[in-house]
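First comes the structure, then the notes that go with it.
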There are 2 protein chains.
Amino acid sequence: MDRKTLKQHILQKQSYLCVGLDTDLDRIPPFLLNNEDPIFEFNKGIIDSTRDLCVAYKPNVAFYECYGEKGWKSLRKTIDYIGSDHFVIADAKRGDIGNTSKRYAKAFFEDLKADALTVAPYMGSDSVKPFLEYENHWVILLALTSNAGSKDFQFETDINDTTLYQKVLTVSKEWGSIDNMMYVIGATHPTHLSEIRQIIPDHFLLIPGVGAQGGDIQAISKNGLNDDVGLLINSSRSIIYASSKKDFADAARTRALALQGEMQSILGKHSY
Amino acid sequence: MDRKTLKQHILQKQSYLCVGLDTDLDRIPPFLLNNEDPIFEFNKGIIDSTRDLCVAYKPNVAFYECYGEKGWKSLRKTIDYIGSDHFVIADAKRGDIGNTSKRYAKAFFEDLKADALTVAPYMGSDSVKPFLEYENHWVILLALTSNAGSKDFQFETDINDTTLYQKVLTVSKEWGSIDNMMYVIGATHPTHLSEIRQIIPDHFLLIPGVGAQGGDIQAISKNGLNDDVGLLINSSRSIIYASSKKDFADAARTRALALQGEMQSILGKHSY
């Protein structure tokens, strides 16, 4: 999916919501466990009930991979079921030397047909560039993550007081363009969004950490919106586990609707 | 596998060789493509011909993942076939927020039964610690990688002239111990090994980049050996693609034997 289409979807739906599919057999409603593929059945319920409220889905690959071949099949079925009207982010945090990243690109862009892949920056340019060779596909590079461990290295400063995550933004934005790169900026760091927008005013940002991790949509939007809207705010657990009973899909819809409503009200205050 | 056993294997075999299984359908001998599972058949040939010459195998997960469920099955069969007498490193460069890394740990340590997993440090402590909860299993953390892109961020220096990779070593060594953590140090940086050994004198190091990427065993061993030997030197392409014909397994053995011989001569000069 290209940037123009993504923006169109956001404006049509008045939503920049991404629903995270961190589907966990220990947390889905127990009645689903009798199905042949409970992960897919659960995702189907969530997707059916949120499709009109979000522009993106983000399967968290670890939750599929931990079931081996079977999990991989559930992931493939899920991505197929989502279809081409949503932006599909494989949240896999991959990245390796060039000839290996090329294989990960094949896995996620050719075989699984995701639109975007989250990638870790530590190994530098040649670990990222193979992903950028696919037209209308996206690298979403980790910059400032939502977890406590983000403080271990991402805020390391050099003699010019530039932090590592700022350096990652400054250096990596030259590898691609606003048409094939986005950045992960955790919702738990809203105060840093203004200086981040000075470095990358025009890129889309994927913002995880709203909901279970405590991020706040208003604060993020205030500092993060740009001319393209430029934000995809992800919520996983707060939506998909809103209920652990038969009404899980309805409860997910209610939660997604609340988030979409908040986004609609924010978008209404701007002239898109 | 625990550290003591790994050291025993190294001394018995007079080898600290790790054979990298970056098995690529575009590069394996064409006659194997008629098999139902050519990747596994190729690996079987390589493993049978090198088993006595190496202490570890390192399947590069991207090369399996790019074939989806089928590739995952080839990976599982390969790890099963290697068995418990070798140290099995799943080279997957994973790492995510805690609840997600936990799932990757389940995938590689419980489901696939690898001994070790390569992990990226960018997301910090809580992205690494879930892997350390498995007894006799190992995190092999990226510190200084072998690729050109290693220069993009890993040499970033703070006001004390400490580089990012040094900071990664210093901070992360407190998360685990020499019994559950190793580090990736690319063979293309042998001159940095002395200062690295000052920070982590007792840890095992996984050294990729010998062979196709140009690293040199003598230089690495000179600066990298410790009381446990403390090195696993990996070669992938130079061994497994030594011949693209029917004799691929014999040619791999010849190349592995040369590397093992070099290691035996180096070990002979030390008192282990």
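Here, A, B, ... name the chains of the structure tokens in the order displayed, residue numbers run from 1 inside each chain, and ligands are numbered from 1 in the same displayed order.
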Exercise for the section: Pick out the chain A residues within 8 Å of chain B. Count only C-alpha atoms. Give them as a ChimeraX atom specification. Expected result: /A:60,62-63,65-70,72-73,92-97,100-101,103-108,111-112,120-127,145,147-154,156-159,164,167-168,171
Handout entry: DSSP-assigned strand (DSSP E or B) members of segment 20-238 of chain B, reported as a PyMOL selection string
Key = chain B and resi 20-21+56-60+87-94+116-119+138-144+157+163+181-185+204-207+210+215+226+229+231-235
For the residues selected in the previous step, produce a file with C-alpha atoms as an mmCIF file, in the first residue's frame.
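Ended up saving to again.cif:
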```
data_model
loop_
_atom_site.group_PDB
_atom_site.id
_atom_site.type_symbol
_atom_site.label_atom_id
_atom_site.label_comp_id
_atom_site.auth_asym_id
_atom_site.auth_seq_id
_atom_site.Cartn_x
_atom_site.Cartn_y
_atom_site.Cartn_z
ATOM 1 C CA GLY B 20 26.610 -21.992 9.657
ATOM 2 C CA LEU B 21 23.640 -23.520 7.870
ATOM 3 C CA ALA B 56 28.271 -26.113 16.975
ATOM 4 C CA TYR B 57 25.833 -25.605 14.131
ATOM 5 C CA LYS B 58 24.157 -22.303 13.404
ATOM 6 C CA PRO B 59 21.074 -22.418 11.205
ATOM 7 C CA ASN B 60 20.370 -18.918 9.887
ATOM 8 C CA PHE B 87 25.601 -26.715 20.485
ATOM 9 C CA VAL B 88 22.723 -25.465 18.321
ATOM 10 C CA ILE B 89 22.510 -21.738 17.701
ATOM 11 C CA ALA B 90 19.331 -20.406 16.137
ATOM 12 C CA ASP B 91 20.635 -17.311 14.391
ATOM 13 C CA ALA B 92 17.474 -15.260 14.377
ATOM 14 C CA LYS B 93 18.447 -11.827 15.788
ATOM 15 C CA ARG B 94 15.217 -11.571 17.784
ATOM 16 C CA ALA B 116 21.120 -20.597 21.977
ATOM 17 C CA LEU B 117 19.516 -17.688 20.176
ATOM 18 C CA THR B 118 21.110 -14.562 18.732
ATOM 19 C CA VAL B 119 19.386 -11.460 20.136
ATOM 20 C CA TRP B 138 21.974 -18.995 25.964
ATOM 21 C CA VAL B 139 21.458 -15.508 24.667
ATOM 22 C CA ILE B 140 24.094 -14.562 22.125
ATOM 23 C CA LEU B 141 23.796 -10.795 22.098
ATOM 24 C CA LEU B 142 24.866 -8.682 19.132
ATOM 25 C CA ALA B 143 27.724 -6.424 20.162
ATOM 26 C CA LEU B 144 30.006 -5.693 17.211
ATOM 27 C CA THR B 157 30.907 7.337 21.182
ATOM 28 C CA THR B 163 31.450 3.227 21.969
ATOM 29 C CA MET B 181 25.276 -15.131 27.745
ATOM 30 C CA MET B 182 27.657 -14.973 24.821
ATOM 31 C CA TYR B 183 28.352 -12.108 22.427
ATOM 32 C CA VAL B 184 28.518 -11.746 18.662
ATOM 33 C CA ILE B 185 31.804 -10.109 17.660
ATOM 34 C CA PHE B 204 32.190 -17.030 25.111
ATOM 35 C CA LEU B 205 32.174 -15.071 21.847
ATOM 36 C CA LEU B 206 30.469 -16.152 18.649
ATOM 37 C CA ILE B 207 32.614 -14.903 15.782
ATOM 38 C CA VAL B 210 35.327 -15.979 8.669
ATOM 39 C CA GLY B 215 37.835 -12.750 8.777
ATOM 40 C CA ASN B 226 40.389 -17.195 27.210
ATOM 41 C CA VAL B 229 38.855 -21.245 24.958
ATOM 42 C CA LEU B 231 35.442 -18.708 21.094
ATOM 43 C CA LEU B 232 33.045 -20.209 18.604
ATOM 44 C CA ILE B 233 34.211 -19.273 15.139
ATOM 45 C CA ASN B 234 31.525 -19.588 12.530
ATOM 46 C CA SER B 235 31.923 -20.190 8.859
#
```
Exercise for the section: Run DSSP on the backbone and give me the residues of segment 52-264 of chain B it puts in helix (DSSP H, G or I), as a ChimeraX atom specification. Expected result: /B:62-65,68-82,98-111,125-133,150-153,164-172,190-199,217-224,237-240,248-264
Handout entry: Nearby residues (only C-alpha atoms) at most 8 Å from segment 80-84 of chain B, same-chain spacing under 5 positions excluded, as a PyMOL selection string
Key = chain B and resi 1+44+47+57
Those same residues - C-alpha atoms - I'd like them written as a JSON list (two decimals), in the first residue's frame.
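Dumped everything to result-v3.json:
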```json
[["chain", "number", "residue", "atom", "x", "y", "z"],
["B", 1, "MET", "CA", 24.19, -27.43, 26.85],
["B", 44, "LYS", "CA", 21.98, -33.78, 6.38],
["B", 47, "ILE", "CA", 26.09, -32.40, 9.08],
["B", 57, "TYR", "CA", 25.83, -25.61, 14.13]]
```
Exercise for the section: Considering only C-alpha atoms, state which residue in the set B:Leu53, B:Asn136, B:Gly230, B:Glu195 is at the smallest distance from Tyr272 of chain B. Expected result: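 Using only C-alpha atoms, Tyr272 of chain B sits closest to B:Gly230.
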I want to know what sits within 9 Å of Ser238 of chain A, based on only C-alpha atoms, with residues of the same chain fewer than 2 positions away left out; could you give that as a CSV table (one decimal) with N, CA and C atoms, in the first residue's frame?
```csv
chain,number,residue,atom,x,y,z
A,210,VAL,N,-0.1,2.3,23.5
A,210,VAL,CA,-1.4,2.9,24.0
A,210,VAL,C,-2.2,1.7,24.6
A,211,GLY,N,-2.8,2.0,25.7
A,211,GLY,CA,-3.6,0.9,26.3
A,211,GLY,C,-2.8,0.3,27.4
A,212,ALA,N,-2.6,-1.0,27.3
A,212,ALA,CA,-1.9,-1.8,28.3
A,212,ALA,C,-0.6,-1.2,28.8
A,235,SER,N,-3.0,-0.3,19.3
A,235,SER,CA,-3.4,-0.8,20.6
A,235,SER,C,-3.6,-2.3,20.3
A,236,SER,N,-3.1,-3.1,21.2
A,236,SER,CA,-3.2,-4.6,21.1
A,236,SER,C,-4.1,-5.1,22.2
A,240,ILE,N,-8.0,-6.4,22.0
A,240,ILE,CA,-8.3,-7.8,21.7
A,240,ILE,C,-8.7,-8.6,22.9
A,241,TYR,N,-8.3,-8.1,24.1
A,241,TYR,CA,-8.7,-8.8,25.3
A,241,TYR,C,-9.6,-8.0,26.2
A,242,ALA,N,-10.4,-7.2,25.5
A,242,ALA,CA,-11.4,-6.4,26.2
A,242,ALA,C,-12.4,-7.3,27.0
A,252,ALA,N,-14.3,-5.9,21.8
A,252,ALA,CA,-13.1,-5.3,21.0
A,252,ALA,C,-13.6,-4.1,20.2
A,255,ARG,N,-14.2,-1.0,22.3
A,255,ARG,CA,-13.0,-0.4,22.7
A,255,ARG,C,-12.4,0.3,21.5
A,256,ALA,N,-12.4,-0.4,20.3
A,256,ALA,CA,-11.8,0.2,19.1
A,256,ALA,C,-12.6,1.5,18.7
```
Problem - Long-range neighbours of Lys246 of chain B as a PyMOL selection string, 9 Å cut-off, only C-alpha atoms, 3 positions minimum in chain - result: chain B and resi 29-32+243+249-250
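For the atom pair formed by atom CA of Leu75 of chain A and atom CA of Phe40 of chain A, the distance is 7.6 Å, given to one decimal.
Taking only C-alpha atoms into account, Leu6 of chain A lies nearest to A:His137 out of the set A:His137, A:His189, A:Lys269, A:Arg27.
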